[in-house]
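For reference, input.tsv is printed below; it contains TSV, C-alpha atoms.
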```
chain	number	residue	atom	x	y	z
C	1	MET	CA	154.68	-19.15	106.04
C	2	PRO	CA	150.93	-18.28	105.71
C	3	THR	CA	148.57	-21.21	106.12
C	4	HIS	CA	144.99	-21.50	104.87
C	5	VAL	CA	142.65	-24.26	106.07
C	6	ILE	CA	139.39	-25.16	104.31
C	7	ASN	CA	136.92	-27.72	105.74
C	8	VAL	CA	134.30	-29.07	103.35
C	9	PRO	CA	131.51	-31.33	104.70
C	10	ALA	CA	130.71	-34.52	102.85
C	11	THR	CA	127.18	-34.80	101.50
C	12	SER	CA	125.08	-37.35	99.76
C	13	ALA	CA	122.51	-36.02	97.32
C	14	ASN	CA	119.93	-37.56	95.04
C	15	ILE	CA	118.95	-40.30	97.47
C	16	GLY	CA	116.37	-42.63	95.94
C	17	PRO	CA	113.35	-40.96	94.37
C	18	GLY	CA	114.10	-37.63	96.12
C	19	PHE	CA	116.19	-36.39	93.19
C	20	ASP	CA	117.43	-32.88	94.02
C	21	VAL	CA	115.01	-32.39	96.91
C	22	MET	CA	116.47	-34.82	99.44
C	23	GLY	CA	120.03	-34.72	100.68
C	24	LEU	CA	122.03	-35.97	103.60
C	25	SER	CA	124.85	-34.30	105.48
C	26	LEU	CA	127.51	-36.68	106.75
C	27	SER	CA	129.88	-36.30	109.67
C	28	LEU	CA	132.86	-36.59	107.31
C	29	TYR	CA	134.98	-33.66	106.18
C	30	LEU	CA	137.60	-32.97	103.57
C	31	THR	CA	140.23	-30.72	105.11
C	32	VAL	CA	142.50	-28.88	102.71
C	33	THR	CA	145.51	-27.12	104.20
C	34	ALA	CA	147.55	-24.83	101.96
C	35	HIS	CA	150.96	-23.52	102.98
C	36	THR	CA	152.57	-20.76	100.95
C	37	ASP	CA	156.32	-20.26	100.97
C	38	ALA	CA	157.40	-16.65	100.44
C	39	SER	CA	160.97	-17.77	99.71
C	40	ASN	CA	159.79	-19.69	96.61
C	41	THR	CA	160.48	-17.25	93.78
C	42	SER	CA	160.50	-19.86	91.01
C	43	GLY	CA	156.71	-20.03	90.85
C	44	GLU	CA	156.85	-23.83	91.14
C	45	ILE	CA	153.95	-25.38	93.07
C	46	THR	CA	154.27	-28.61	95.03
C	47	LEU	CA	151.12	-30.43	96.11
C	48	VAL	CA	151.18	-33.12	98.78
C	49	TYR	CA	148.16	-35.11	99.95
C	50	GLU	CA	148.32	-36.50	103.49
C	51	GLY	CA	145.88	-38.44	105.61
C	52	GLU	CA	143.67	-41.48	105.49
C	53	ASN	CA	143.52	-43.10	102.02
C	54	SER	CA	145.61	-40.29	100.51
C	55	SER	CA	148.11	-42.65	98.88
C	56	GLY	CA	145.61	-43.61	96.18
C	57	LEU	CA	144.69	-40.04	95.17
C	58	PRO	CA	145.81	-38.94	91.73
C	59	LEU	CA	147.84	-35.70	91.54
C	60	ASP	CA	147.03	-35.16	87.85
C	61	PRO	CA	144.70	-32.13	87.52
C	62	GLN	CA	142.76	-33.97	84.79
C	63	ASP	CA	141.85	-36.68	87.31
C	64	ASN	CA	141.45	-34.71	90.55
C	65	LEU	CA	139.23	-31.64	90.98
C	66	ILE	CA	141.02	-30.56	94.19
C	67	THR	CA	144.38	-30.53	92.37
C	68	SER	CA	142.89	-28.61	89.47
C	69	THR	CA	141.33	-26.03	91.79
C	70	ALA	CA	144.51	-25.67	93.89
C	71	LEU	CA	146.61	-25.03	90.80
C	72	TYR	CA	144.10	-22.46	89.56
C	73	VAL	CA	143.95	-20.59	92.88
C	74	LEU	CA	147.65	-20.76	93.72
```
Go ahead and express the file in the form of structure tokens.
Amino acid sequence: MPTHVINVPATSANIGPGFDVMGLSLSLYLTVTAHTDASNTSGEITLVYEGENSSGLPLDPQDNLITSTALYVL
């Protein structure tokens, strides 16, 4: 089962009067791990969010950019 891991650093932009000039890198990361199952021939995709505060995340692609992107890529 191939696994792909993507780490995206959290940032804060547009701080105060700095507009697009000032930004801040945070020591927080979003880690996305994708497992692909070669035995799945139906084409059905199952997304599961795990981790801190994941229970409140919407799975609807209209409400979650990560879900929308995952469905597009997979």
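Atom CA of C:Ala10 is found 13.1 Å from atom CA of C:Val32.
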field: For C:Ser25: contacts at 10 Å, all atoms listed in the file, fewer than 5 positions along chain excluded, given as a PyMOL selection string
entry: chain C and resi 9-13
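With distances restricted to only C-alpha atoms, C:Leu30 is the closest residue to C:Ile66 from C:Ile45, C:Ala38, C:Val5, C:Leu30.
Between atom CA of C:Val73 and atom CA of C:Thr3 the interatomic distance comes to 14.0 Å.
Going from atom CA of C:Ser55 to atom CA of C:Thr31 covers 15.6 Å.
The smallest atom-to-atom distance between C:Tyr29 and any of C:Gln62, C:Thr41, C:Asn7, C:Thr67, using all atoms listed in the file, is found for C:Asn7.
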query: Pick from C:Leu71, C:Pro2, C:Leu28, C:Asn64: nearest to C:Glu44, with all atoms listed in the file counted?
result: C:Leu71
message: Ranking C:Ser27, C:Leu47, C:Ile6, C:Thr36 by minimum distance to C:Pro61 and counting all atoms listed in the file, which one comes first?
response: C:Leu47
